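Peer 1: Supplied structure: final-v6.csv, CSV, C-alpha atoms and all ligand atoms.
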```
chain,number,residue,atom,x,y,z
W,286,ARG,CA,-20.4,27.7,67.9
W,287,MET,CA,-23.0,24.9,67.2
W,288,TYR,CA,-25.7,25.3,64.6
W,289,LYS,CA,-24.3,28.7,63.7
W,290,ARG,CA,-25.3,28.4,60.2
W,291,GLN,CA,-28.3,26.8,58.5
W,292,MET,CA,-27.6,24.3,55.8
W,293,ILE,CA,-29.4,25.8,52.9
W,294,ARG,CA,-29.7,23.3,50.1
W,295,ARG,CA,-27.6,24.3,47.2
W,296,ARG,CA,-29.6,23.6,44.0
W,297,ASP,CA,-26.6,22.8,41.9
W,298,ILE,CA,-25.0,20.4,44.4
W,299,ASP,CA,-25.4,17.3,42.3
W,300,ASN,CA,-23.4,18.9,39.5
W,301,LEU,CA,-20.4,18.1,41.8
W,302,ASN,CA,-20.9,14.4,41.7
W,303,VAL,CA,-19.0,14.0,38.4
W,304,PRO,CA,-15.9,15.9,39.5
W,305,PHE,CA,-15.8,14.3,43.0
W,306,LEU,CA,-16.0,10.9,41.5
W,307,ALA,CA,-13.3,11.8,39.1
W,308,ILE,CA,-11.0,12.7,42.0
W,309,TYR,CA,-11.9,9.4,43.7
W,310,GLU,CA,-11.1,7.4,40.6
W,311,SER,CA,-7.8,9.2,40.1
W,312,LEU,CA,-6.7,8.2,43.6
W,313,ILE,CA,-7.4,4.4,43.3
W,314,PRO,CA,-4.2,2.5,43.2
W,315,PRO,CA,-3.6,0.7,39.9
W,316,GLU,CA,-3.5,-3.1,39.9
W,317,GLU,CA,0.2,-3.3,39.3
W,318,GLU,CA,0.8,-1.6,42.6
W,319,LYS,CA,-1.0,-4.3,44.4
W,320,VAL,CA,1.1,-6.9,42.5
W,321,LYS,CA,4.3,-5.2,43.6
W,322,GLN,CA,3.1,-5.1,47.2
W,323,ARG,CA,2.4,-8.8,47.1
W,324,GLN,CA,5.9,-9.4,45.6
W,325,LEU,CA,7.5,-7.5,48.4
W,326,LEU,CA,5.5,-9.3,51.0
W,327,ALA,CA,6.5,-12.6,49.6
W,328,LEU,CA,10.2,-11.6,49.7
W,329,LEU,CA,9.9,-10.5,53.3
W,330,GLU,CA,8.1,-13.7,54.3
W,331,LYS,CA,10.9,-15.7,52.7
W,332,LEU,CA,13.6,-13.8,54.6
W,333,VAL,CA,11.7,-13.8,57.9
W,334,ASN,CA,10.8,-17.5,57.8
W,335,LYS,CA,14.4,-18.5,57.3
W,336,GLU,CA,15.1,-17.2,60.8
W,337,TRP,CA,11.7,-17.8,62.4
W,338,PRO,CA,9.8,-20.6,60.5
W,339,LYS,CA,6.6,-20.1,62.5
W,340,ALA,CA,6.4,-16.3,62.2
W,341,GLN,CA,3.7,-14.8,60.0
W,342,LEU,CA,3.5,-11.4,58.2
W,343,PHE,CA,0.2,-9.5,57.8
W,344,ILE,CA,-0.4,-6.4,55.8
W,345,TYR,CA,-2.5,-3.9,57.8
W,346,GLY,CA,-3.4,-0.2,57.4
W,347,SER,CA,-4.3,1.4,54.1
W,348,CYS,CA,-2.9,-1.2,51.8
W,349,ALA,CA,-5.2,-3.8,53.3
W,350,ASN,CA,-8.3,-1.8,54.5
W,351,SER,CA,-9.3,-0.7,51.0
W,352,PHE,CA,-8.8,3.0,51.9
W,353,GLY,CA,-5.3,3.2,50.5
W,354,VAL,CA,-4.6,5.7,47.8
W,355,SER,CA,-2.0,5.2,45.1
W,356,LYS,CA,1.6,5.1,46.2
W,357,SER,CA,0.9,4.5,49.9
W,358,ASP,CA,3.6,2.9,52.1
W,359,ILE,CA,2.8,-0.6,53.3
W,360,ASP,CA,2.3,-1.3,57.0
W,361,ILE,CA,3.3,-4.8,57.9
W,362,CYS,CA,2.8,-6.7,61.2
W,363,LEU,CA,5.2,-9.5,62.2
W,364,ALA,CA,3.3,-12.0,64.3
W,365,ILE,CA,5.9,-13.9,66.3
W,366,GLU,CA,6.0,-15.9,69.6
W,367,GLU,CA,9.4,-15.4,71.1
W,368,ALA,CA,8.7,-15.6,74.8
W,369,ASN,CA,12.2,-14.9,75.9
W,370,MET,CA,13.1,-12.1,73.5
W,371,GLU,CA,12.5,-8.4,74.1
W,372,LYS,CA,10.6,-6.6,71.3
W,373,SER,CA,13.5,-4.3,70.7
W,374,ASP,CA,15.8,-7.3,70.2
W,375,ILE,CA,13.4,-8.9,67.8
W,376,LEU,CA,13.4,-5.6,65.8
W,377,MET,CA,17.2,-5.4,65.8
W,378,LYS,CA,17.4,-9.0,64.7
W,379,LEU,CA,14.8,-8.3,62.0
W,380,ALA,CA,16.7,-5.3,60.8
W,381,ASP,CA,19.9,-7.5,60.5
W,382,ILE,CA,18.1,-10.1,58.5
W,383,LEU,CA,16.7,-7.6,56.1
W,384,GLN,CA,19.8,-5.6,55.8
W,385,SER,CA,21.7,-8.6,54.4
W,386,ASP,CA,19.4,-8.8,51.5
W,387,ASN,CA,19.4,-6.0,49.0
W,388,LEU,CA,16.8,-3.9,50.7
W,389,GLN,CA,17.6,-0.2,51.3
W,390,ASN,CA,17.5,2.2,54.3
W,391,VAL,CA,16.8,-0.5,56.8
W,392,GLN,CA,16.4,1.1,60.2
W,393,ALA,CA,15.1,-0.2,63.5
W,394,LEU,CA,13.3,2.5,65.4
W,395,THR,CA,13.1,0.8,68.8
W,396,ARG,CA,12.1,3.9,70.8
W,397,ALA,CA,9.1,5.1,68.7
W,398,ARG,CA,5.6,5.0,70.2
W,399,VAL,CA,5.0,2.0,67.9
W,400,PRO,CA,8.5,0.5,67.5
W,401,ILE,CA,9.2,-0.5,63.9
W,402,VAL,CA,11.7,-1.5,61.3
W,403,LYS,CA,11.6,0.8,58.2
W,404,LEU,CA,12.9,-0.2,54.8
W,405,MET,CA,12.7,0.6,51.1
W,406,ASP,CA,12.7,-2.0,48.4
W,407,PRO,CA,14.6,-0.8,45.4
W,408,ALA,CA,13.0,-3.4,43.1
W,409,THR,CA,9.5,-2.0,43.5
W,410,GLY,CA,10.2,1.4,45.0
W,411,ILE,CA,7.9,0.6,47.9
W,412,SER,CA,8.7,1.7,51.5
W,413,CYS,CA,7.4,-0.2,54.4
W,414,ASP,CA,7.1,-0.2,58.2
W,415,ILE,CA,7.2,-3.5,60.1
W,416,CYS,CA,5.9,-3.6,63.6
W,417,ILE,CA,5.7,-6.6,66.0
W,418,ASN,CA,2.6,-8.4,67.2
W,419,ASN,CA,0.3,-5.4,66.6
W,420,LEU,CA,-2.6,-7.8,65.9
W,421,LEU,CA,-5.3,-5.3,67.0
W,422,ALA,CA,-4.3,-3.2,64.0
W,423,VAL,CA,-4.7,-6.3,61.8
W,424,VAL,CA,-8.2,-6.8,63.1
W,425,ASN,CA,-9.3,-3.2,62.8
W,426,THR,CA,-8.0,-3.3,59.3
W,427,LYS,CA,-10.4,-6.1,58.5
W,428,LEU,CA,-13.3,-4.2,60.2
W,429,LEU,CA,-12.7,-1.2,57.9
W,430,ARG,CA,-12.4,-3.4,54.9
W,431,ASP,CA,-15.7,-5.1,55.7
W,432,TYR,CA,-17.4,-1.8,56.2
W,433,ALA,CA,-16.1,-0.6,52.8
W,434,GLN,CA,-17.9,-3.5,51.1
W,435,ILE,CA,-21.3,-2.6,52.3
W,436,ASP,CA,-21.8,0.6,50.4
W,437,ALA,CA,-19.6,2.1,47.8
W,438,ARG,CA,-20.2,5.6,49.1
W,439,LEU,CA,-18.0,4.9,52.1
W,440,ARG,CA,-14.8,4.4,50.1
W,441,GLN,CA,-15.6,7.4,47.9
W,442,LEU,CA,-16.2,9.6,50.8
W,443,ALA,CA,-13.2,8.5,52.8
W,444,PHE,CA,-10.9,8.9,49.7
W,445,ILE,CA,-12.1,12.5,49.3
W,446,ILE,CA,-11.8,13.3,53.0
W,447,LYS,CA,-8.3,11.8,53.2
W,448,HIS,CA,-7.3,13.7,50.1
W,449,TRP,CA,-8.7,16.9,51.6
W,450,ALA,CA,-6.9,16.3,54.9
W,451,LYS,CA,-3.6,15.7,53.2
W,452,SER,CA,-4.0,18.8,51.0
W,453,ARG,CA,-4.9,21.0,53.9
W,454,GLY,CA,-2.2,19.6,56.2
W,455,VAL,CA,-4.5,18.2,58.8
W,456,ASN,CA,-3.5,14.6,58.5
W,457,GLU,CA,-0.3,14.8,60.7
W,458,THR,CA,-0.5,13.3,64.1
W,459,TYR,CA,2.9,14.6,65.1
W,460,HIS,CA,1.5,18.1,64.6
W,461,GLY,CA,-1.6,17.4,66.6
W,462,THR,CA,-4.1,16.7,63.8
W,463,LEU,CA,-5.7,13.3,63.0
W,464,SER,CA,-4.5,10.0,61.5
W,465,SER,CA,-6.1,8.6,58.4
W,466,TYR,CA,-7.5,5.8,60.5
W,467,ALA,CA,-9.3,8.5,62.6
W,468,TYR,CA,-10.8,10.1,59.5
W,469,VAL,CA,-12.1,6.8,58.2
W,470,LEU,CA,-13.8,6.1,61.5
W,471,MET,CA,-15.3,9.6,61.3
W,472,CYS,CA,-16.7,8.7,57.8
W,473,ILE,CA,-18.1,5.4,59.1
W,474,HIS,CA,-19.8,7.1,62.0
W,475,PHE,CA,-21.2,9.8,59.7
W,476,LEU,CA,-22.7,7.2,57.4
W,477,GLN,CA,-24.1,5.2,60.4
W,478,GLN,CA,-26.0,8.2,61.6
W,479,ARG,CA,-27.6,9.3,58.3
W,480,ARG,CA,-31.4,8.7,58.1
W,481,PRO,CA,-32.0,6.3,56.6
W,482,ALA,CA,-28.6,4.9,57.6
W,483,ILE,CA,-26.1,4.1,54.9
W,484,LEU,CA,-24.0,1.8,57.1
W,485,PRO,CA,-25.2,-0.5,59.9
W,486,CYS,CA,-23.3,-1.0,63.1
W,487,LEU,CA,-21.5,-4.4,62.6
W,488,GLN,CA,-20.5,-4.7,66.2
W,489,GLU,CA,-24.1,-4.5,67.4
W,490,MET,CA,-25.2,-7.3,65.1
W,491,GLU,CA,-25.0,-11.1,65.7
W,492,SER,CA,-21.3,-11.9,65.6
W,493,THR,CA,-20.0,-14.2,62.9
W,494,TYR,CA,-16.4,-13.4,63.5
W,495,SER,CA,-14.7,-13.4,66.9
W,496,VAL,CA,-11.1,-13.3,68.0
W,497,ASN,CA,-9.3,-12.5,71.2
W,498,VAL,CA,-6.4,-10.2,70.8
W,499,ASP,CA,-4.4,-8.7,73.7
W,500,ASN,CA,-7.2,-9.5,76.1
W,501,VAL,CA,-9.8,-7.7,73.9
W,502,ASN,CA,-12.6,-9.7,72.4
W,503,CYS,CA,-13.1,-8.5,68.8
W,504,ALA,CA,-16.4,-9.7,67.6
W,505,TYR,CA,-18.8,-8.5,64.9
W,506,PHE,CA,-21.0,-9.5,61.9
W,507,ASP,CA,-18.6,-10.0,59.0
W,508,LYS,CA,-20.8,-11.6,56.4
W,509,VAL,CA,-21.1,-8.3,54.7
W,510,GLY,CA,-21.9,-9.9,51.3
W,511,ARG,CA,-25.4,-10.2,52.8
W,512,LEU,CA,-25.7,-6.4,53.4
W,513,ALA,CA,-25.2,-5.3,49.8
W,514,ASP,CA,-28.6,-3.6,49.8
W,515,PHE,CA,-28.4,-2.1,53.3
W,516,GLY,CA,-27.7,1.5,52.1
W,517,ARG,CA,-30.2,1.4,49.2
W,518,PRO,CA,-33.1,3.3,50.9
W,519,ASN,CA,-30.8,6.3,51.3
W,520,LYS,CA,-30.4,8.1,48.0
W,521,GLU,CA,-27.9,10.7,49.0
W,522,THR,CA,-25.1,11.3,46.4
W,523,ILE,CA,-21.4,11.7,47.0
W,524,ALA,CA,-21.5,15.5,46.7
W,525,GLN,CA,-24.3,15.7,49.3
W,526,LEU,CA,-22.4,13.4,51.6
W,527,VAL,CA,-19.1,15.3,51.3
W,528,TRP,CA,-21.0,18.5,52.1
W,529,GLY,CA,-22.9,16.8,54.9
W,530,PHE,CA,-19.7,15.4,56.4
W,531,PHE,CA,-18.0,18.8,56.7
W,532,TYR,CA,-21.2,20.4,57.9
W,533,TYR,CA,-21.5,17.8,60.6
W,534,TRP,CA,-18.0,18.4,61.9
W,535,ALA,CA,-18.3,22.2,61.5
W,536,TYR,CA,-21.7,22.8,63.0
W,537,CYS,CA,-23.4,19.7,64.4
W,538,HIS,CA,-20.9,17.8,66.6
W,539,ASP,CA,-20.9,18.6,70.3
W,540,TYR,CA,-17.2,18.8,71.0
W,541,ALA,CA,-17.6,19.5,74.6
W,542,ASN,CA,-19.7,16.5,75.5
W,543,SER,CA,-19.7,13.8,72.8
W,544,VAL,CA,-17.6,10.9,71.7
W,545,ILE,CA,-18.2,9.3,68.4
W,546,SER,CA,-18.4,5.5,68.6
W,547,VAL,CA,-18.4,3.2,65.6
W,548,ARG,CA,-18.7,0.3,68.0
W,549,THR,CA,-22.1,1.3,69.2
W,550,GLY,CA,-23.1,3.1,66.0
W,551,SER,CA,-23.9,6.3,67.9
W,552,ILE,CA,-22.7,9.1,70.1
W,553,ILE,CA,-21.8,8.4,73.7
W,554,SER,CA,-21.0,10.9,76.4
W,555,LYS,CA,-17.6,11.9,77.5
W,556,ARG,CA,-18.7,11.6,81.1
W,557,GLU,CA,-19.6,8.0,80.6
W,558,LYS,CA,-16.1,7.3,79.4
W,559,ASP,CA,-14.5,9.5,82.0
W,560,TRP,CA,-12.9,11.6,79.2
W,561,THR,CA,-13.9,14.9,80.6
W,562,ARG,CA,-10.6,16.1,81.9
W,563,ARG,CA,-7.0,16.0,80.7
W,564,VAL,CA,-5.1,12.9,81.9
W,565,GLY,CA,-1.4,13.0,81.1
W,566,ASN,CA,-1.2,14.1,77.5
W,567,ASP,CA,-4.7,13.0,76.6
W,568,ARG,CA,-6.9,16.1,76.3
W,569,HIS,CA,-9.9,14.6,74.6
W,570,LEU,CA,-10.8,17.8,72.7
W,571,ILE,CA,-12.3,15.7,69.9
W,572,CYS,CA,-13.2,12.2,70.9
W,573,ILE,CA,-13.1,9.2,68.5
W,574,GLU,CA,-13.4,5.9,70.3
W,575,ASP,CA,-11.3,3.0,68.8
W,576,PRO,CA,-13.8,0.3,67.9
W,577,PHE,CA,-11.9,-2.4,69.8
W,578,GLU,CA,-9.5,-0.7,72.2
W,579,ILE,CA,-12.3,1.3,73.7
W,580,SER,CA,-10.2,3.2,76.2
W,581,HIS,CA,-8.3,4.5,73.3
W,582,ASP,CA,-9.3,8.0,72.0
W,583,LEU,CA,-7.9,8.6,68.5
W,584,GLY,CA,-8.3,12.3,69.1
W,585,ARG,CA,-5.8,12.2,72.0
W,586,VAL,CA,-3.1,13.7,69.7
W,587,VAL,CA,-5.2,16.9,69.3
W,588,ASP,CA,-4.2,19.8,71.5
W,589,LYS,CA,-5.5,23.3,72.2
W,590,ARG,CA,-3.9,24.8,69.1
W,591,SER,CA,-4.6,22.0,66.7
W,592,ILE,CA,-8.3,21.7,67.6
W,593,LYS,CA,-8.8,25.2,66.5
W,594,VAL,CA,-7.0,24.5,63.2
W,595,LEU,CA,-9.2,21.4,62.7
W,596,ARG,CA,-12.5,23.1,63.4
W,597,GLU,CA,-11.6,26.1,61.2
W,598,GLU,CA,-10.8,23.7,58.4
W,599,PHE,CA,-14.1,21.9,58.8
W,600,GLU,CA,-15.9,25.3,58.7
W,601,ARG,CA,-13.9,26.4,55.7
W,602,ALA,CA,-14.8,23.2,53.9
W,603,ALA,CA,-18.4,23.4,54.8
W,604,ASP,CA,-18.6,27.0,53.7
W,605,ILE,CA,-16.9,26.2,50.4
W,606,MET,CA,-19.4,23.4,49.8
W,607,GLN,CA,-22.2,25.9,50.6
W,608,TYR,CA,-21.1,28.9,48.6
W,609,ASP,CA,-18.1,28.4,46.3
W,610,PRO,CA,-18.9,28.3,42.6
W,611,ASN,CA,-16.1,25.7,42.1
W,612,PRO,CA,-15.7,23.7,45.4
W,613,CYS,CA,-13.7,20.9,43.8
W,614,VAL,CA,-10.8,23.2,43.3
W,615,LYS,CA,-11.0,25.4,46.4
W,616,LEU,CA,-11.5,22.5,48.8
W,617,PHE,CA,-8.2,20.9,48.0
W,618,GLU,CA,-6.1,24.1,47.7
W,619,PRO,CA,-2.7,23.6,49.4
W,620,TYR,CA,-2.6,25.4,52.7
C,1,LIG,P1,-2.4,6.3,55.1
C,1,LIG,O1,-1.1,5.6,55.3
C,1,LIG,O2,-2.4,7.7,55.5
C,1,LIG,O3,-2.9,6.1,53.7
C,1,LIG,O4,-3.5,5.5,56.0
C,1,LIG,P2,-3.5,4.2,56.9
C,1,LIG,O5,-4.9,3.7,56.8
C,1,LIG,O6,-2.3,3.3,56.7
C,1,LIG,O7,-3.5,4.8,58.4
C,1,LIG,P3,-2.4,5.1,59.4
C,1,LIG,O8,-1.1,5.1,58.8
C,1,LIG,O9,-2.9,6.3,60.2
C,1,LIG,O10,-2.6,3.8,60.4
C,1,LIG,C1,-2.2,2.5,60.1
C,1,LIG,C2,-3.0,1.5,60.9
C,1,LIG,O11,-2.6,1.5,62.2
C,1,LIG,C3,-4.5,1.8,60.9
C,1,LIG,O12,-5.2,1.4,59.8
C,1,LIG,C4,-4.9,1.0,62.1
C,1,LIG,O13,-5.2,-0.3,61.8
C,1,LIG,C5,-3.7,1.1,63.0
C,1,LIG,N1,-3.9,1.9,64.3
C,1,LIG,C6,-4.3,1.5,65.5
C,1,LIG,N2,-4.4,2.4,66.4
C,1,LIG,C7,-3.9,3.5,65.8
C,1,LIG,C8,-3.7,4.8,66.2
C,1,LIG,O14,-4.0,5.2,67.4
C,1,LIG,N3,-3.3,5.7,65.3
C,1,LIG,C9,-3.0,5.3,64.1
C,1,LIG,N4,-2.6,6.2,63.2
C,1,LIG,N5,-3.2,4.1,63.6
C,1,LIG,C10,-3.7,3.2,64.5
C,2,MG,MG,-0.2,3.8,56.5
```
Using the file provided, produce a representation of the structure as structure tokens.

Peer 2:
Amino acid sequence: RMYKRQMIRRRDIDNLNVPFLAIYESLIPPEEEKVKQRQLLALLEKLVNKEWPKAQLFIYGSCANSFGVSKSDIDICLAIEEANMEKSDILMKLADILQSDNLQNVQALTRARVPIVKLMDPATGISCDICINNLLAVVNTKLLRDYAQIDARLRQLAFIIKHWAKSRGVNETYHGTLSSYAYVLMCIHFLQQRRPAILPCLQEMESTYSVNVDNVNCAYFDKVGRLADFGRPNKETIAQLVWGFFYYWAYCHDYANSVISVRTGSIISKREKDWTRRVGNDRHLICIEDPFEISHDLGRVVDKRSIKVLREEFERAADIMQYDPNPCVKLFEPY
């Protein structure tokens, strides 16, 4: 299936920049949403610290990584050292503490893959999930946020790709398609491999930030203010990049042998990672290496059925970008 179709440059492609940027702008959360999120965080901190004075709360995921669209739920991580308490007991206790205040729908989901407490704040209308000691997620959130500051095209591209994925029903891990986190990594990888590159590989540069979390050393260059000109030599526009992204995943990626790796800024082989066969439920049909938990394939949720759905969606999108007179409508049509 690779290289099935030649990418013929569409002469009117840059007419699509204005509508794509309008979609991007319409998805940016307004400032008052950020204010409400901070309010809710402050309330939760107050409640948690009454019980556990040394515990800390961190926002992670889309509300903190700069890839959050308007009306996202907040993901919060409770960092707590309670050596002689089981995680599930901490969650039950936490649910108790929050229940007593006027928060709604407080539920402890202790058996989930990532155990959490869910709740809704009636004052702000915001829902949130609180997990325990998931500090790697806090660190990868910072990595994504730092990448977003290097070149504005990353955030624009990722918003459009996330919007497309949600519209087309391919952003549902419990149905075997990819998480938002996976899509953002795919966008970063894509911009790292453009020539000239639009993004550098921060983990291959001299590290200015380094923390050890769960026995993983997370180190990279985080002085991204110094990289403001990095992507300048590449003049590709957002419309060209959206097209290029879909074309890449439809016709250029070698699904049988390749792993995309933001950590190395390149492609590595499945063989090298020993991701060539199915182990347990991990099938490795599309391989996206987590930048810090490098044994973790974010494509592991994808199965035989959903890989077909995904690849057909990439092809559909690439073909719309190539031929459709009005791609901005067709691309996001509900499935
Ligand atoms: P939306 O909520 O869809 O806007 O995006 P999000 O950026 O919050 O992404 P998502 O809900 O998929 O994931 C939340 C965070 O969990 C990510 O930003 C990562 O920091 C972290 N994370 C770490 N490992 C995984 C993983 O295997 N799957 C997912 N989904 N998230 C992970
Ligand atoms: Mg989220």

Peer 1: In Å, how far is it from atom CA of W:Asn611 to atom CA of W:Met471?

Peer 2: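 We find that atom CA of W:Asn611 and atom CA of W:Met471 lie 25.1 Å from each other.
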
Peer 1: Neighbouring residues of ligand MG 2 (chain C) are defined here as those with any atom at most 12 Å from a ligand atom, counting all atoms listed in the file; list them as a PyMOL selection string.

Peer 2: chain W and resi 344-362+412-416+422+426+447+456-457+464-467

Peer 1: Please return, as a list in words, all polymer residues that have at least one atom within 7 Å of the point (-1.5, 18.3, 65.4); use only C-alpha atoms and the file's own coordinate frame.

Peer 2: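 Output: Glu457, Thr458, Tyr459, His460, Gly461, Thr462, Leu463, Val586, Val587, Asp588 and Ser591 of chain W.
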
Peer 1: What is the distance between atom CA of W:Glu598 and atom CA of W:Ile435, in Å to one decimal?

Peer 2: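 Between atom CA of W:Glu598 and atom CA of W:Ile435 the gap is 29.0 Å.
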
Peer 1: Find the residues around W:Gln525 up to 12 Å (all atoms listed in the file counted), leave out those fewer than 6 positions away in its own chain, and share them as a PyMOL selection string.

Peer 2: chain W and resi 292-302+305+438+442+476+479+519+531-533+603+606-607

Peer 1: Residues at most 8 Å from W:Ile417, counting all atoms listed in the file, excluding those fewer than 5 positions away in the same chain, as a list in words?

Peer 2: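 Using all atoms listed in the file, the neighbours found are Cys362, Leu363, Ala364, Ile365, Lys372, Leu376, Pro400 and Ile401 of chain W.
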
Peer 1: Given the choices W:Ala327, W:Leu332, W:Ile473, W:Leu383, which gets closest to W:Gly550 if the distance is worked out from all atoms listed in the file?

Peer 2: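 So, comparing all the options, the nearest one is W:Ile473.
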
Peer 1: At most 9 Å from (-16.3, 8.2, 55.8), file frame, only C-alpha atoms: which residues, as a PyMOL selection string?

Peer 2: chain W and resi 438-446+468-476+527+530

Peer 1: Taking into account all atoms listed in the file, which residue in the set W:Ile313, W:Ala535, W:Ile552, W:Leu487 is nearest to ligand LIG 1 (chain C)?

Peer 2: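 Comparing W:Ile313, W:Ala535, W:Ile552, W:Leu487 against ligand LIG 1 (chain C), the winner is W:Ile313.
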
Peer 1: Which residues, written as a list in words, have at least one atom at most 10 Å from W:Val391, with all atoms listed in the file counted and residues fewer than 5 positions away on the same chain left out?

Peer 2: Leu379, Ala380, Asp381, Ile382, Leu383, Gln384, Ser385, Val402, Lys403, Leu404, Met405, Asp406, Ser412, Cys413 and Asp414 of chain W

Peer 1: Excluding same-chain residues fewer than 3 positions from W:Glu330, what lies within 10 Å of it counting all atoms listed in the file, as a list in words?

Peer 2: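 Within the cut-off, the hits are Gln324, Leu325, Leu326, Ala327, Val333, Asn334, Lys335, Trp337, Pro338, Ala340, Gln341, Leu342, Phe343 and Leu363 of chain W.
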
Peer 1: W:Phe599, W:Trp528, W:Phe577, W:Phe617: which is nearest ligand LIG 1 (chain C), counting all atoms listed in the file?

Peer 2: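 Checking each of W:Phe599, W:Trp528, W:Phe577, W:Phe617 against ligand LIG 1 (chain C), counting all atoms listed in the file, the winner is W:Phe577.
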
Peer 1: Measuring between all atoms listed in the file, which one of W:Asn387, W:Asn369, W:Gln478, W:Asn419 shows the shortest distance to ligand LIG 1 (chain C)?

Peer 2: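 Counting all atoms listed in the file, the residue closest to ligand LIG 1 (chain C) is W:Asn419.
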
Peer 1: So how far away is atom CA of W:Val424 from atom C5 of ligand LIG 1 (chain C), in Å?

Peer 2: 9.1 Å

Peer 1: Of the residues W:Gln389, W:Thr409, W:Ser492, W:Asn500, which is the one nearest to W:Glu318, using all atoms listed in the file?

Peer 2: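 For W:Glu318, the nearest of the candidates is W:Thr409.
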